[in-house]
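Colleague: Below you will find the structure I want to go over with you.
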Amino acid sequence: MKPFTILVTDDEKIQRDSLAGFLKKKGYHVLSAPDFDTAFRLVKENTVDVLLTDVKMGARSGYDLLKAVKELNPEITVIIMTAYGNVEEAVAAMKNGAYDYLTKPLDLDEVELLIHRAVQFKLLKSENEQLRQTLAERHRFNNIITNSPLMEEVLNIAARSANSKTSVLIEGESGTGKELIARAIHFASPRKDKPLIVVNCAAISENLIESELFGHEKGAFTGAIQARRGRVEEADGGTLFLDEVGDVPLSVQVKLLRFLQFGEFQRVGSNEMRKVDVRLIAATNRNLREMIAQNTFREDFYYRLNVINIYVPPLRKRKEDIPLLIDFFINKYATENQKTIQGISREALDLLMKYDYPGNVRELENMIERAVVLARSEIIEKDDLPIQFRVKNDNAEGIPPLEYYEGNFRQKVEAFEKDLISAALKEANFNQSQAARNLGLSERNLRYKMEKYGLK
């Protein structure tokens with residue numbers, strides 16, 4: 001196993017060098033920094049296990065560094081070093097995520113003991129499968145795994161709303177798990193033994209969505225060769241989940257509004273008013289308030305939908321969930337692919353923790369599925385992750401996945417290749433020989449591609 005990496009941050013050079021030298025002798029890989037900016041850059045560029053930071057560092061304090069590091073990767077253990085008179089502040093820092101604190105002047109035996117405890121804690125957290133499973137089960141609610149205070153509040157609202165018939169609007173970015181929340185509400189409700197009917201409104205053409213929802217009579221339109229029940233009738237006694245409700249046409253919004261108010265509807269081509277008992281849950285990744293201002297979404301329908309509002313935060317705002325989700329997806333896809341995967345390396349986890357996930361949980365799941373399939377050993381390493389995690393650029397965010405590039409296939413590939421080469425050159429400090437080796441190209445081929453894409 002690679003030695004644990006400790007970052008020592010202190011603006012006093014003698015103190016910093018002395019502490020770094022002591023920890024190196026104890027077998028740790030040690031980095032050092034004199035200020036906030038240098039420390040934060042080192043955290044972004046390296047797999048740091050433990051951050052040991054002084055409080056006083058000029059314009060930006062150790063508390064600022066604690067906050068920034070925890071936002072970037074909550075799995076990094078932070079220990080605060082403070083003068084004896086500021087112990088109360090250090091204790092307050094522990095409430096904000098610090099693992100522990102040390103008082104100056106430092107007792108090196110105490111430092112060694114605390115670092116050892118912190119490292120053992122990280123080992124236990126990453127290697128004890130039973131602990132991970134227990135933690136996952138403790139925070140699971142109908143297949144929703146979380147350790148995030150933000151998500152705990154979401155689940156709290158969902159659980160309290162389950163027993164009612166009140167309509168619920170779930171908002172959030174694509175891939176955050178809005179449908180899982182809807183399913184959790186249904187299966188925690190008295191309607192759990194009745195149907196849960198899911199309708200993806202974005203996948204149905206505007207001409208057919210009314211018939212899809214409310215059904216139609218024979219001969220109601222060309223092709224209606226027999227009468228058909230709609231999704232509303234199929235959901236009688238249960239729950240109707242309208243995903244991407246922002247894509248429902250205005251003409252159908254009017255009929256859904258009446259259905260919400262009175263539980264009544266008419267099939268297309270019929271004058272008969274039908275009545276059902278259905279609980280409606282809707283979800284969207286669009287800003288419905290902006291759509292109201294643009295007259296593309298009815299205000300009265302919005303307020304009727306939005307009796308109980310649940311906002312599902314993006315994964316970048318709840319990074320505490322990433323290790324739990326990784327474990328869950330590893331177990332899931334290892335079983336599906338009949339592979340033995342014991343876990344993930346510290347380096348790979350660190351890269352995954354620092355990523356912002358524009359595709360949210362769905363993107364993380366796809367990454368882990370790929371890594372499980374391609375893993376060469378029982379541990380997922382950083383080389384098993386997509387290429388954007390293995391090649392860094394100046395802002396440490398990596399190369400985007402191919403699907404984020406515009407144009408046809410050839411244009412996407414060329415744009416991706418250009419970014420990949422550019423990032424490799426930066427990573428090698430523009431040493432073309434090193435960049436070529438990292439990319440697996442000959443220097444001649446690299447120079448040809450650099451000329452092709454105008455890279456200098």
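In the structure tokens, chains take letters A, B, ... by order of appearance, with residues numbered from 1 within each chain and ligands from 1 in the order shown.
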Got a sec: who's within 6 Å of segment 160-170 of chain A, counting only C-alpha atoms, leaving out chain neighbours fewer than 4 positions off, as a PyMOL selection string?
Modeller: chain A and resi 185+188-189+279-283+305-306+308-311
Colleague: Between segment 314-425 of chain A and segment 433-448 of chain A, at 9 Å or less, what are the per-residue closest atom pairs and their distances in Å? Count only C-alpha atoms, order by chain and rising residue number, and return it as a Markdown table.
Modeller:
| residue | atom | partner | partner_atom | distance |
| --- | --- | --- | --- | --- |
| A:Leu420 | CA | A:Leu439 | CA | 8.7 |
| A:Ile421 | CA | A:Leu439 | CA | 7.8 |
| A:Ala424 | CA | A:Ala435 | CA | 5.4 |
| A:Leu425 | CA | A:Ala435 | CA | 5.4 |
Colleague: Taking the backbone alone, and naming residues the way the document does, which bits of segment 231-338 of chain A are strand (DSSP E) by DSSP, as a PDB file with N, CA and C atoms, in the first residue's frame?
Modeller:
ATOM      1  N   THR A 239     -50.778   5.962  -7.481  1.00  0.00           N
ATOM      2  CA  THR A 239     -50.044   7.216  -7.690  1.00  0.00           C
ATOM      3  C   THR A 239     -49.696   7.369  -9.161  1.00  0.00           C
ATOM      4  N   LEU A 240     -49.871   8.578  -9.673  1.00  0.00           N
ATOM      5  CA  LEU A 240     -49.440   8.923 -11.028  1.00  0.00           C
ATOM      6  C   LEU A 240     -48.223   9.837 -10.917  1.00  0.00           C
ATOM      7  N   PHE A 241     -47.106   9.415 -11.500  1.00  0.00           N
ATOM      8  CA  PHE A 241     -45.882  10.215 -11.465  1.00  0.00           C
ATOM      9  C   PHE A 241     -45.624  10.787 -12.846  1.00  0.00           C
ATOM     10  N   LEU A 242     -45.704  12.106 -12.952  1.00  0.00           N
ATOM     11  CA  LEU A 242     -45.447  12.807 -14.213  1.00  0.00           C
ATOM     12  C   LEU A 242     -44.017  13.328 -14.193  1.00  0.00           C
ATOM     13  N   ASP A 243     -43.123  12.635 -14.879  1.00  0.00           N
ATOM     14  CA  ASP A 243     -41.736  13.076 -14.968  1.00  0.00           C
ATOM     15  C   ASP A 243     -41.601  14.087 -16.098  1.00  0.00           C
ATOM     16  N   GLU A 264     -61.583  14.527 -11.777  1.00  0.00           N
ATOM     17  CA  GLU A 264     -62.423  14.192 -12.926  1.00  0.00           C
ATOM     18  C   GLU A 264     -61.656  14.413 -14.231  1.00  0.00           C
ATOM     19  N   PHE A 265     -62.052  13.654 -15.252  1.00  0.00           N
ATOM     20  CA  PHE A 265     -61.423  13.800 -16.571  1.00  0.00           C
ATOM     21  C   PHE A 265     -62.347  13.203 -17.618  1.00  0.00           C
ATOM     22  N   ARG A 274     -65.426  11.071 -16.089  1.00  0.00           N
ATOM     23  CA  ARG A 274     -65.016   9.929 -15.268  1.00  0.00           C
ATOM     24  C   ARG A 274     -64.309  10.437 -14.011  1.00  0.00           C
ATOM     25  N   LYS A 275     -64.360   9.633 -12.967  1.00  0.00           N
ATOM     26  CA  LYS A 275     -63.774  10.043 -11.695  1.00  0.00           C
ATOM     27  C   LYS A 275     -62.867   8.925 -11.172  1.00  0.00           C
ATOM     28  N   ARG A 279     -53.270   9.918  -6.609  1.00  0.00           N
ATOM     29  CA  ARG A 279     -52.349  10.905  -6.011  1.00  0.00           C
ATOM     30  C   ARG A 279     -51.328  11.288  -7.081  1.00  0.00           C
ATOM     31  N   LEU A 280     -51.111  12.581  -7.287  1.00  0.00           N
ATOM     32  CA  LEU A 280     -50.221  13.044  -8.343  1.00  0.00           C
ATOM     33  C   LEU A 280     -48.900  13.537  -7.762  1.00  0.00           C
ATOM     34  N   ILE A 281     -47.816  13.015  -8.328  1.00  0.00           N
ATOM     35  CA  ILE A 281     -46.468  13.502  -8.034  1.00  0.00           C
ATOM     36  C   ILE A 281     -45.848  13.902  -9.359  1.00  0.00           C
ATOM     37  N   ALA A 282     -45.239  15.077  -9.408  1.00  0.00           N
ATOM     38  CA  ALA A 282     -44.620  15.564 -10.643  1.00  0.00           C
ATOM     39  C   ALA A 282     -43.159  15.907 -10.376  1.00  0.00           C
ATOM     40  N   ALA A 283     -42.366  15.884 -11.435  1.00  0.00           N
ATOM     41  CA  ALA A 283     -40.945  16.224 -11.308  1.00  0.00           C
ATOM     42  C   ALA A 283     -40.500  17.001 -12.539  1.00  0.00           C
ATOM     43  N   THR A 284     -39.502  17.845 -12.347  1.00  0.00           N
ATOM     44  CA  THR A 284     -38.973  18.614 -13.469  1.00  0.00           C
ATOM     45  C   THR A 284     -37.538  19.048 -13.183  1.00  0.00           C
ATOM     46  N   ILE A 308     -46.680  20.616  -2.015  1.00  0.00           N
ATOM     47  CA  ILE A 308     -45.485  20.201  -1.280  1.00  0.00           C
ATOM     48  C   ILE A 308     -44.332  20.215  -2.271  1.00  0.00           C
ATOM     49  N   ASN A 309     -43.318  21.002  -1.956  1.00  0.00           N
ATOM     50  CA  ASN A 309     -42.168  21.127  -2.850  1.00  0.00           C
ATOM     51  C   ASN A 309     -40.966  20.412  -2.259  1.00  0.00           C
ATOM     52  N   ILE A 310     -40.321  19.601  -3.077  1.00  0.00           N
ATOM     53  CA  ILE A 310     -39.097  18.909  -2.669  1.00  0.00           C
ATOM     54  C   ILE A 310     -38.017  19.237  -3.691  1.00  0.00           C
ATOM     55  N   TYR A 311     -36.932  19.816  -3.212  1.00  0.00           N
ATOM     56  CA  TYR A 311     -35.798  20.116  -4.096  1.00  0.00           C
ATOM     57  C   TYR A 311     -34.688  19.123  -3.809  1.00  0.00           C
TER      58      TYR A 311
END
Colleague: Quick one: distance from atom CA of Asp10 of chain A to atom CA of Thr53 of chain A in Å, one decimal?
Modeller: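 Atom-to-atom, atom CA of Asp10 of chain A to atom CA of Thr53 of chain A, that is 6.2 Å.
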Colleague: Please, what distance in Å, to one decimal, runs between atom CA of Gly175 of chain A and atom CA of Glu369 of chain A?
Modeller: 15.5 Å
Colleague: Can I get the residues of segment 15-72 of chain A within 12 Å of segment 336-354 of chain A, each with the closest pair of atoms and their distance in Å to one decimal, using only C-alpha atoms, sorted chain first then ascending number, as CSV?
Modeller:
residue,atom,partner,partner_atom,distance
A:Val43,CA,A:Lys354,CA,9.6
A:Lys44,CA,A:Lys354,CA,7.5
A:Glu45,CA,A:Leu351,CA,9.4
A:Asn46,CA,A:Asp350,CA,8.5
A:Thr47,CA,A:Glu347,CA,5.7
A:Val48,CA,A:Asp350,CA,8.0
A:Asp49,CA,A:Arg346,CA,8.4
A:Ala68,CA,A:Lys354,CA,11.6
A:Val69,CA,A:Lys354,CA,9.7
A:Lys70,CA,A:Lys354,CA,10.2
A:Glu71,CA,A:Lys354,CA,8.9
A:Leu72,CA,A:Lys354,CA,5.5
Colleague: Would you please give, as a PyMOL selection string, all residues of segment 195-395 of chain A that DSSP assigns to helix (DSSP H, G or I) based on the backbone?
Modeller: chain A and resi 201-203+209-214+231-234+245-247+250-262+288-293+299-305+315-317+321-336+346-354+360-374+382-384+387-390
Colleague: Using only C-alpha atoms, which residue out of A:Leu324, A:Val252, A:Val307, A:Ile225 lies closest to Glu75 of chain A?
Modeller: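 Among A:Leu324, A:Val252, A:Val307, A:Ile225, it is A:Leu324 that comes nearest to Glu75 of chain A.
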